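Each remark here refers to the structure printed beneath this line.
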Amino acid sequence: MTELRLSAFKSHRNAVFPLGPLTLFRGGSGSGKSSALQAYEVLARLAGGDTLEEALAPVAGGPSACVPQQARPDAQGRRGFRIGCTVTGPAGPVRLDVAVQAEPVLRVVGERLTGSGETLLSTALRDPGLRTVEAVWHTAGAVPVTRAPLPDDRLGTSLLPLRVAGKTAGQRMVLDAAEQVVVALRSVFPCDPRPELMRMPAAARDGMLRGACDNVAAVLGRTRHECVIRHGLLVAAAGAGCRGSVEGLTVQELDGGFVRAVLARKAGAATPLERLADGELRYLALCLVLLTGPGVLAVDQAAEVLPALQTLTVLADGLDRCLDERQARELVGLAARMCERGHIRLVGTVRGAAGEEAARAAGASVVDLGP
């Protein structure tokens with residue numbers, strides 16, 4: 001995904017944000033940093049097959065909170081929001097734009113997929129009494145377009161592979177564009193480590209890291225033997241961001257099939273993770289995310305793409321939250337090195353001066369949303 005568009009979403013109006021391998025939004029409270037990542041996650045959830053209600057569930061306040069405050073209802077009391085993106089890949093740049101009615105009934109009222117100079121899919125609400133939209137997609141066969149109803153609570157682009165036969169060149173163009181968008185959006189891992197949950201023991205078998213990183217102990221128990229090189233990099237990162245010397249990251253088995261993670265020290269007893277500060281825990285969890293990949297993170301992998309060609313996008317709201325200057329510098333530097341390899345992208349938000357300075361020093365794309 002190379003561009004995020006917030007035509008009308010929360011505090012954003014006609015906003016267009018270019019996205020690079022490492023993009024960080026900065027700004028004061030209320031500037032719209034978190035809103036940008038929320039819109040990205042909504043698109044990702046819709047592309048993954050969620051209904052509108054499911055996709056908007058993580059947004060505090062629900063669908064109505066996504067509507068710009070100054071938006072006035074029409075004669076029928078309808079208000080909504082509009083978001084979109086551009087995904088670049090083998091099919092070239094493909095644009096997706098979605099218009100959502102949030103009130104009085106939650107539904108998609110319009111969607112447009114464009115690429116190669118063609119409108120590949122467009123949908124419109126024709127009859128408010130029906131829970132469908134009229135979809136028109138490019139065919140370029142005996143008839144130029146195909147028309148069919150689609151449900152009004154899902155992303156039409158994600159449904160095209162089930163509806164388009166792919167018999168004509170035009171249909172194949174539609175399928176290629178839709179697949180490119182869906183694959184890019186599905187490969188998203190929203191990550192917000194919760195230190196209060198990370199301090200709890202984890203079930204040893206719970207080896208896929210969740211966005212809250214509450215099962216980090218189980219994941220460390222699994223990954224420390226799977227890739228010695230990456231585990232060594234994680235230990236080095238822990239040493240750079242945690243107080244005291246760090247010789248290793250290990251786990252201790254507890255009763256009932258649970259484990260807890262510990263930092264091995266040069267001298268003295270090992271330090272359990274629950275004794276670390278919030279900043280140390282968030283720093284350690286985010287380093288783990290950057291140094292692993294889809295095989296370790298609880299993300300819906302695109303089975304149709306070879307593992308070597310998959311790109312994972314990490315959404316990290318509050319990347320520098322609770323971090324001191326040293327931790328912010330080390331974390332952003334690690335993110336820049338990992339993103340440079342091309343298999344991971346990161347879109348995050350920073351508020352502190354240390355995070356911003358580290359981002360610029362690392363060559364990250366910084367979107368300044370003001371004080």
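Just remember, in the structure tokens the first chain shown is A, the second B, etc., residues are 1-based per chain, and ligands are 1-based in the order shown.
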
* Asked: If you count only C-alpha atoms, which residues fall within 12 Å of Val94 of chain A, apart from same-chain ones fewer than 4 positions away, as a PyMOL selection string?
  -> chain A and resi 1-3+84-90+112-121+157+173-182+184

Those residues you just picked out, can you put them in a file as a CSV table (one decimal), in the first residue's frame with N, CA and C atoms?
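Generated file (result.csv):
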```
chain,number,residue,atom,x,y,z
A,1,MET,N,0.9,-1.2,0.0
A,1,MET,CA,0.0,0.0,0.0
A,1,MET,C,0.9,1.2,0.0
A,2,THR,N,0.7,2.1,-1.0
A,2,THR,CA,1.6,3.2,-1.2
A,2,THR,C,1.0,4.5,-0.9
A,3,GLU,N,-0.4,4.5,-0.7
A,3,GLU,CA,-1.1,5.8,-0.4
A,3,GLU,C,-2.3,5.5,0.4
A,84,GLY,N,-9.9,5.5,1.4
A,84,GLY,CA,-9.4,4.7,0.3
A,84,GLY,C,-7.9,4.5,0.3
A,85,CYS,N,-7.4,3.9,-0.7
A,85,CYS,CA,-5.9,3.6,-0.7
A,85,CYS,C,-5.5,3.3,-2.1
A,86,THR,N,-4.2,3.3,-2.3
A,86,THR,CA,-3.6,2.9,-3.6
A,86,THR,C,-2.6,1.8,-3.3
A,87,VAL,N,-2.7,0.7,-4.0
A,87,VAL,CA,-1.8,-0.5,-3.8
A,87,VAL,C,-1.0,-0.6,-5.1
A,88,THR,N,0.3,-0.7,-5.0
A,88,THR,CA,1.1,-0.8,-6.2
A,88,THR,C,1.7,-2.2,-6.2
A,89,GLY,N,1.7,-2.8,-7.4
A,89,GLY,CA,2.2,-4.2,-7.6
A,89,GLY,C,2.3,-4.6,-9.0
A,90,PRO,N,2.3,-5.9,-9.3
A,90,PRO,CA,2.4,-6.4,-10.7
A,90,PRO,C,1.3,-5.8,-11.6
A,112,ARG,N,-15.3,2.0,-5.5
A,112,ARG,CA,-14.7,2.1,-6.8
A,112,ARG,C,-13.3,1.5,-6.8
A,113,LEU,N,-13.1,0.6,-7.7
A,113,LEU,CA,-11.8,0.0,-7.9
A,113,LEU,C,-11.3,0.4,-9.3
A,114,THR,N,-10.2,1.1,-9.4
A,114,THR,CA,-9.7,1.6,-10.7
A,114,THR,C,-8.2,1.2,-10.9
A,115,GLY,N,-7.8,1.0,-12.2
A,115,GLY,CA,-6.5,0.6,-12.5
A,115,GLY,C,-6.4,0.5,-14.0
A,116,SER,N,-5.1,0.7,-14.5
A,116,SER,CA,-4.9,0.6,-16.0
A,116,SER,C,-5.8,1.5,-16.8
A,117,GLY,N,-6.2,2.7,-16.2
A,117,GLY,CA,-7.0,3.6,-16.9
A,117,GLY,C,-8.5,3.2,-17.0
A,118,GLU,N,-8.9,2.2,-16.3
A,118,GLU,CA,-10.2,1.7,-16.3
A,118,GLU,C,-10.9,1.7,-15.0
A,119,THR,N,-12.2,1.9,-15.0
A,119,THR,CA,-13.0,1.6,-13.8
A,119,THR,C,-13.3,0.1,-13.7
A,120,LEU,N,-12.7,-0.6,-12.8
A,120,LEU,CA,-12.8,-2.1,-12.8
A,120,LEU,C,-14.0,-2.6,-12.1
A,121,LEU,N,-14.4,-1.8,-11.0
A,121,LEU,CA,-15.5,-2.1,-10.3
A,121,LEU,C,-16.1,-0.8,-9.7
A,157,THR,N,-14.7,-5.6,-3.5
A,157,THR,CA,-13.4,-6.0,-4.1
A,157,THR,C,-13.0,-7.4,-3.6
A,173,MET,N,-8.1,-8.7,-15.9
A,173,MET,CA,-7.6,-7.5,-15.4
A,173,MET,C,-8.3,-7.1,-14.0
A,174,VAL,N,-9.6,-7.4,-14.0
A,174,VAL,CA,-10.3,-7.1,-12.7
A,174,VAL,C,-9.8,-8.0,-11.6
A,175,LEU,N,-9.6,-9.3,-11.9
A,175,LEU,CA,-9.2,-10.2,-10.9
A,175,LEU,C,-7.8,-9.9,-10.4
A,176,ASP,N,-6.9,-9.6,-11.3
A,176,ASP,CA,-5.5,-9.2,-10.9
A,176,ASP,C,-5.5,-8.0,-10.0
A,177,ALA,N,-6.3,-7.0,-10.3
A,177,ALA,CA,-6.3,-5.8,-9.5
A,177,ALA,C,-6.9,-6.1,-8.1
A,178,ALA,N,-8.0,-6.8,-8.1
A,178,ALA,CA,-8.6,-7.1,-6.9
A,178,ALA,C,-7.7,-8.0,-6.0
A,179,GLU,N,-7.1,-8.9,-6.5
A,179,GLU,CA,-6.2,-9.8,-5.8
A,179,GLU,C,-5.0,-9.0,-5.2
A,180,GLN,N,-4.5,-8.0,-6.0
A,180,GLN,CA,-3.4,-7.2,-5.5
A,180,GLN,C,-3.8,-6.4,-4.3
A,181,VAL,N,-5.0,-5.8,-4.4
A,181,VAL,CA,-5.4,-5.0,-3.2
A,181,VAL,C,-5.7,-5.8,-2.0
A,182,VAL,N,-6.4,-7.0,-2.2
A,182,VAL,CA,-6.8,-7.8,-1.1
A,182,VAL,C,-5.5,-8.4,-0.4
A,184,ALA,N,-2.5,-7.2,-0.3
A,184,ALA,CA,-1.7,-6.2,0.4
A,184,ALA,C,-2.4,-5.8,1.7
```

* To do: Identify, with DSSP run on backbone atoms, the residues in segment 115-184 of chain A assigned to alpha helix (DSSP H), and express the list as number ranges by chain.
  => A: 156-163, 169-184

* Pick the closest to Gly141 of chain A from A:His231, A:Ala124, A:Thr168, A:Arg224: which is it, counting only C-alpha atoms? ->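 With only C-alpha atoms as the atom set, the closest residue is A:Thr168.
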
Using only C-alpha atoms, tabulate the residues of segment 195-263 of chain A lying at most 9 Å from any atom of segment 326-337 of chain A, each with its closest atom pair and that distance in Å to one decimal, by chain and increasing residue number, as a tab-separated table.
```
residue	atom	partner	partner_atom	distance
A:Ala237	CA	A:Glu330	CA	7.6
A:Ala240	CA	A:Glu330	CA	7.1
A:Gly241	CA	A:Gln327	CA	5.0
A:Cys242	CA	A:Gln327	CA	8.1
```

Write the residues of the selection above to a file with N, CA and C atoms, as a compact mmCIF listing (two decimals), in the first residue's frame.
```txt
# COMPACT_ATOMS: atom_id res chain seq x y z
N ALA A 237 19.22 -6.52 20.82
CA ALA A 237 18.29 -5.39 20.93
C ALA A 237 17.84 -5.21 22.37
N ALA A 240 20.36 -3.45 24.29
CA ALA A 240 20.47 -2.02 23.97
C ALA A 240 19.35 -1.20 24.58
N GLY A 241 18.21 -1.84 24.87
CA GLY A 241 17.06 -1.07 25.35
C GLY A 241 16.62 -1.33 26.76
N CYS A 242 17.18 -2.36 27.41
CA CYS A 242 16.80 -2.69 28.79
C CYS A 242 17.95 -2.34 29.74
```

* Could you check which of A:Arg5, A:Arg265, A:Arg78, A:Arg199 is closest to Asp214 of chain A, using only C-alpha atoms? => A:Arg199

* Test item: residues at most 9 Å from Ser122 of chain A, only C-alpha atoms, excluding those fewer than 6 positions along its chain, as a list of chain:residue names ->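 Result of the neighbour search: A:Gly110, A:Glu111, A:Arg112, A:Leu113, A:Thr114, A:Glu134, A:Ala135, A:Val136, A:Trp137, A:Gly156.
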
* Members of segment 217-337 of chain A assigned strand (DSSP E or B) by DSSP, as an NGL selection string -> :A and (248-254 or 258-264 or 271-272 or 297 or 312-316)

* Please provide as JSON, numbers by chain all residues within 10 Å of segment 39-49 of chain A, with the sequence filter that same-chain residues fewer than 6 positions apart are discarded (counting only C-alpha atoms). => {"A": [1, 4, 5, 6, 9, 10, 55, 56, 57, 58, 59, 66, 82, 83, 84, 85, 96, 97, 98, 153, 154, 155, 156, 157, 158, 159, 178, 179, 181, 182, 183, 184, 185, 186, 187, 188, 189, 190, 300, 302, 315, 347]}

* Which of these, A:Asp192, A:Cys227, A:Ala217, A:Leu24, has the shortest distance to Val367 of chain A once you count only C-alpha atoms? ->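 Going through A:Asp192, A:Cys227, A:Ala217, A:Leu24 one by one, the smallest distance to Val367 of chain A is for A:Leu24.
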